[in-house]
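Participant: Encoded as structure tokens, here's the structure I'll be asking about.
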Amino acid sequence: MKHKNILIGILLIALYLAVYAAIGTGLIAPYYQVNLYLMGINIIAAVSLNLIVGFTGQLALGHAGFMAVGAYVSAVLTLKLGQPFLPAILAGAVCAFVIGIIIGLPTLRLTGDYLAIATLGFGEIIRGLLVNIDYVGGAAGINGIPKLTNWTWLYLFTLLTVFSIKNFVNSTHGRACIAIRDNELAAETMGINTTYYKVLAFSIGAFFAGIAGALYAHYFFLIQPATFSFMKSFDALVMVVFGGLGSITGSIIAAMAVTFMNAALINFGSLRMIIYALLLVIIMVFRPQGLMGTKEFTLKHLFRVKEGGSS
Amino acid sequence: MLATKRLTKTFGGLAAVSNLDLELQQGELVGLIGPNGAGKTTVFNLLTGVYTPTEGDIILEGKSVVGLKPYQITARGMARTFQNIRLFNSLSVIENVKVACHWHSRYSLAGALLRLKSCVNGERQMQENALELLEMFNLAEKKDEPANSLPYGEQRRLEIVRALAAKPKLLLLDEPAAGMNPLETKDLMELIKKIRRLFGLTILLIEHDMSLVMGICERIYVLDYGKVIAQGTPEEIKNNKRVIEAYLGEEA
């Protein structure tokens, strides 16, 4: 157990340093760097959405709305109020968390399709509000946000997201959420406060979506309400379903794969979306439970493959 | 221990339960029987807070529990099983039991997110408690299997173990013998006796299997069309004319 943790720690530091060096020496060209950053942001968005949709079983389609909150709050703080980056990110995340609670309390009484539509509506409301607030530039959005997101911040926040959510789902609190997904009535009669846990999972997911939004804003230095449209929520949902509902590592792999796929298909022009959609259809037909199902990819898997290969 | 006073639940114009007065003494094992659709499960849903009564009161240990949410009622000392099995299917056997430990042994959320000592210790404590219960009911060997991979009879047993993990004072069993063969039913009878011996619980039991009801219940309430039509010891119930009518129809 101890050995395993040390090994994971070493691997993570090695990955950080390797990419850091690769960026520094120009091994990763600026064009590819964009995708690297998108990968990190997508991982945060997908893993946090998986907590809501995959583990707690609440089909929410407003994730981009929370990203928008994080992006706008943090951008206003750094650009207009001159605050440092870290407090700005955290403020964006906390705002998303609070709005998650406010939205979650009334909407999480709903289930299934109804919840999906309600949260979809919420995402559009956020967008509509932003278009009409002149202070944040209306439809033109905020331009010239300082480019503060670097590899170190991105990596740190990706790890923070993944490990916080992993710890959460492996605790009694996370188990309560999974119990709600499996059988809400049984969970409630076994002493689980289902409303509390649904809202909690929803707002924790919103918190990390806020972080993803803040990182996004400070990398692309331009945010517009249109950036956080329904399509962005949908992208995150695709990654979650593709990776497996209830698998954190699945979401990570899917977020990387989808980002990579989008980048690789860019040369195909207008065919891109068709190929992308086709790939998704194929994956869903042959692997409806997603890449990982509800299982996690562990080091054990890796070693088993290696042992199998060498023998 | 438990008393209901003029408990009534109507769905639209239909009175599923009307003016029900139940009374359970500490440590009793009471059966609730009646033909299909008599309102037995509705009574359980009322007791556990799934439904809110239209009228009447439910008193658990001297305090009314009407209007409380199911999870609050669990914390007052009531746990149940379901007529149709409701396990958490994607969780393992032991995790199912641990879910029921949540309300009385959970640790802080911050501890969980940061995986602090409180979380590690709390998890270990829960694991030990759950394992102890599983060992008591011969399910320890299968602790890491998914709950839905167990054979039917063991799934029923796991539901009972899960209910016990919620540390109830009053246990409600909704048709625990449903779908069981005579041999399994006999085992179940032993199991229920064992639970009473070890935990000293008060038990209210819905059942269709008469051998089970007559074999272990000390007192029986008979429900028909939402009303109590008879109550008494198994002997009295067996010879009660109204009960026979309700089950077999009137003599021609």
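Lettering and numbering for the structure tokens are positional, with chains as A, B, ... in the shown order, residues counted from 1 in each chain, and ligands counted from 1 in the shown order.
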Based on only C-alpha atoms, which of the residues in chain B come within 6 Å of chain A? I want them as a list in words.

Facilitator: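 Selected residues: Pro70, Tyr71, Thr74, Phe88, Ala100, Trp103, Ala112 and Leu113 of chain B.
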
Participant: Using DSSP on the backbone coordinates, identify all residues within segment 16-143 of chain B classified as alpha helix (DSSP H); present the result as an NGL selection string.

Facilitator: :B and (40-47 or 70-75 or 93-105 or 109-113 or 117-136)

Participant: Check segment 54-150 of chain B with DSSP on the backbone and list each residue it calls strand (DSSP E or B), as a PyMOL selection string.

Facilitator: chain B and resi 55-60+63-64+78-80+92+146

Participant: What does the distance between atom CA of Leu133 of chain B and atom CA of Asp187 of chain B come to in Å, to one decimal place?

Facilitator: 17.4 Å

Participant: List the spatial neighbours of segment 232-240 of chain A as a list in words - criterion: any atom at most 8 Å away, only C-alpha atoms, same-chain residues fewer than 6 positions off excluded.

Facilitator: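 Final neighbour list, sorted by chain and number: Asn42, Ala45, Ala46, Val47, Leu49, Asn50, Gly54, Leu61, Gly62, His63, Ala64, Gly65, Gly250, Ser251, Ala254, Ala255 and Val258 of chain A.
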
Participant: Mind writing the picked residues with N, CA, C and O atoms as a PDB file, in the first residue's frame?

Facilitator:
```pdb
ATOM      1  N   ASN A  42     -10.439  19.782 -19.783  1.00  0.00           N
ATOM      2  CA  ASN A  42     -11.483  18.790 -20.041  1.00  0.00           C
ATOM      3  C   ASN A  42     -11.504  17.689 -18.989  1.00  0.00           C
ATOM      4  O   ASN A  42     -12.570  17.185 -18.632  1.00  0.00           O
ATOM      5  N   ALA A  45     -13.301  19.108 -16.060  1.00  0.00           N
ATOM      6  CA  ALA A  45     -14.737  19.211 -16.323  1.00  0.00           C
ATOM      7  C   ALA A  45     -15.391  17.836 -16.323  1.00  0.00           C
ATOM      8  O   ALA A  45     -16.461  17.636 -15.742  1.00  0.00           O
ATOM      9  N   ALA A  46     -14.748  16.858 -16.962  1.00  0.00           N
ATOM     10  CA  ALA A  46     -15.363  15.531 -17.087  1.00  0.00           C
ATOM     11  C   ALA A  46     -15.420  14.816 -15.742  1.00  0.00           C
ATOM     12  O   ALA A  46     -16.445  14.238 -15.378  1.00  0.00           O
ATOM     13  N   VAL A  47     -14.317  14.857 -14.992  1.00  0.00           N
ATOM     14  CA  VAL A  47     -14.301  14.149 -13.703  1.00  0.00           C
ATOM     15  C   VAL A  47     -15.327  14.766 -12.748  1.00  0.00           C
ATOM     16  O   VAL A  47     -16.039  14.053 -12.036  1.00  0.00           O
ATOM     17  N   LEU A  49     -18.047  16.364 -13.587  1.00  0.00           N
ATOM     18  CA  LEU A  49     -19.405  16.029 -14.046  1.00  0.00           C
ATOM     19  C   LEU A  49     -19.734  14.568 -13.744  1.00  0.00           C
ATOM     20  O   LEU A  49     -20.874  14.222 -13.443  1.00  0.00           O
ATOM     21  N   ASN A  50     -18.697  13.723 -13.794  1.00  0.00           N
ATOM     22  CA  ASN A  50     -18.915  12.313 -13.491  1.00  0.00           C
ATOM     23  C   ASN A  50     -19.407  12.115 -12.059  1.00  0.00           C
ATOM     24  O   ASN A  50     -20.227  11.229 -11.785  1.00  0.00           O
ATOM     25  N   GLY A  54     -22.357  10.342 -13.088  1.00  0.00           N
ATOM     26  CA  GLY A  54     -21.941   8.945 -12.991  1.00  0.00           C
ATOM     27  C   GLY A  54     -22.138   8.360 -11.613  1.00  0.00           C
ATOM     28  O   GLY A  54     -22.735   7.295 -11.458  1.00  0.00           O
ATOM     29  N   LEU A  61     -27.253  18.795 -17.162  1.00  0.00           N
ATOM     30  CA  LEU A  61     -26.730  19.273 -18.440  1.00  0.00           C
ATOM     31  C   LEU A  61     -26.301  20.733 -18.380  1.00  0.00           C
ATOM     32  O   LEU A  61     -26.229  21.403 -19.391  1.00  0.00           O
ATOM     33  N   GLY A  62     -26.018  21.239 -17.190  1.00  0.00           N
ATOM     34  CA  GLY A  62     -25.679  22.658 -17.075  1.00  0.00           C
ATOM     35  C   GLY A  62     -24.241  22.904 -16.671  1.00  0.00           C
ATOM     36  O   GLY A  62     -23.920  23.950 -16.123  1.00  0.00           O
ATOM     37  N   HIS A  63     -23.373  21.939 -16.963  1.00  0.00           N
ATOM     38  CA  HIS A  63     -22.009  22.060 -16.457  1.00  0.00           C
ATOM     39  C   HIS A  63     -21.297  23.301 -16.991  1.00  0.00           C
ATOM     40  O   HIS A  63     -20.518  23.922 -16.275  1.00  0.00           O
ATOM     41  N   ALA A  64     -21.555  23.642 -18.254  1.00  0.00           N
ATOM     42  CA  ALA A  64     -20.908  24.816 -18.845  1.00  0.00           C
ATOM     43  C   ALA A  64     -21.300  26.082 -18.095  1.00  0.00           C
ATOM     44  O   ALA A  64     -20.505  27.027 -18.006  1.00  0.00           O
ATOM     45  N   GLY A  65     -22.496  26.100 -17.542  1.00  0.00           N
ATOM     46  CA  GLY A  65     -22.940  27.254 -16.761  1.00  0.00           C
ATOM     47  C   GLY A  65     -22.010  27.489 -15.579  1.00  0.00           C
ATOM     48  O   GLY A  65     -21.613  28.621 -15.292  1.00  0.00           O
ATOM     49  N   GLY A 250     -11.777   6.431 -16.208  1.00  0.00           N
ATOM     50  CA  GLY A 250     -12.464   6.407 -17.506  1.00  0.00           C
ATOM     51  C   GLY A 250     -12.667   7.815 -18.039  1.00  0.00           C
ATOM     52  O   GLY A 250     -12.394   8.096 -19.208  1.00  0.00           O
ATOM     53  N   SER A 251     -13.107   8.719 -17.148  1.00  0.00           N
ATOM     54  CA  SER A 251     -13.315  10.110 -17.565  1.00  0.00           C
ATOM     55  C   SER A 251     -12.006  10.753 -18.000  1.00  0.00           C
ATOM     56  O   SER A 251     -11.973  11.538 -18.943  1.00  0.00           O
ATOM     57  N   ALA A 254     -11.075   9.326 -21.369  1.00  0.00           N
ATOM     58  CA  ALA A 254     -11.998   9.820 -22.390  1.00  0.00           C
ATOM     59  C   ALA A 254     -11.734  11.291 -22.697  1.00  0.00           C
ATOM     60  O   ALA A 254     -11.753  11.702 -23.861  1.00  0.00           O
ATOM     61  N   ALA A 255     -11.471  12.088 -21.647  1.00  0.00           N
ATOM     62  CA  ALA A 255     -11.207  13.512 -21.867  1.00  0.00           C
ATOM     63  C   ALA A 255      -9.968  13.686 -22.740  1.00  0.00           C
ATOM     64  O   ALA A 255      -9.936  14.513 -23.659  1.00  0.00           O
ATOM     65  N   VAL A 258     -10.874  12.363 -26.380  1.00  0.00           N
ATOM     66  CA  VAL A 258     -11.754  13.259 -27.144  1.00  0.00           C
ATOM     67  C   VAL A 258     -10.992  14.517 -27.575  1.00  0.00           C
ATOM     68  O   VAL A 258     -11.106  14.963 -28.721  1.00  0.00           O
TER      69      VAL A 258
END
```

Participant: Which residue out of B:Glu184, B:Glu218, B:Glu207, B:Asp144 has the minimum interatomic distance to Leu172 of chain B when only C-alpha atoms are used?

Facilitator: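 Using only C-alpha atoms, Leu172 of chain B sits closest to B:Glu207.
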
Participant: Do a neighbour search on Ile253 of chain A at 12 Å with only C-alpha atoms, toss out local chain neighbours closer than 6 positions, and write the hits as a VMD selection string.

Facilitator: chain A and resid 39 to 40 42 to 44 46 to 47 239 to 244 247 259 to 261 290 to 292 296 to 297

Participant: Provide the atom CA of Tyr51 of chain B to atom CA of Met1 of chain B distance in Å, to one decimal place.

Facilitator: 20.6 Å
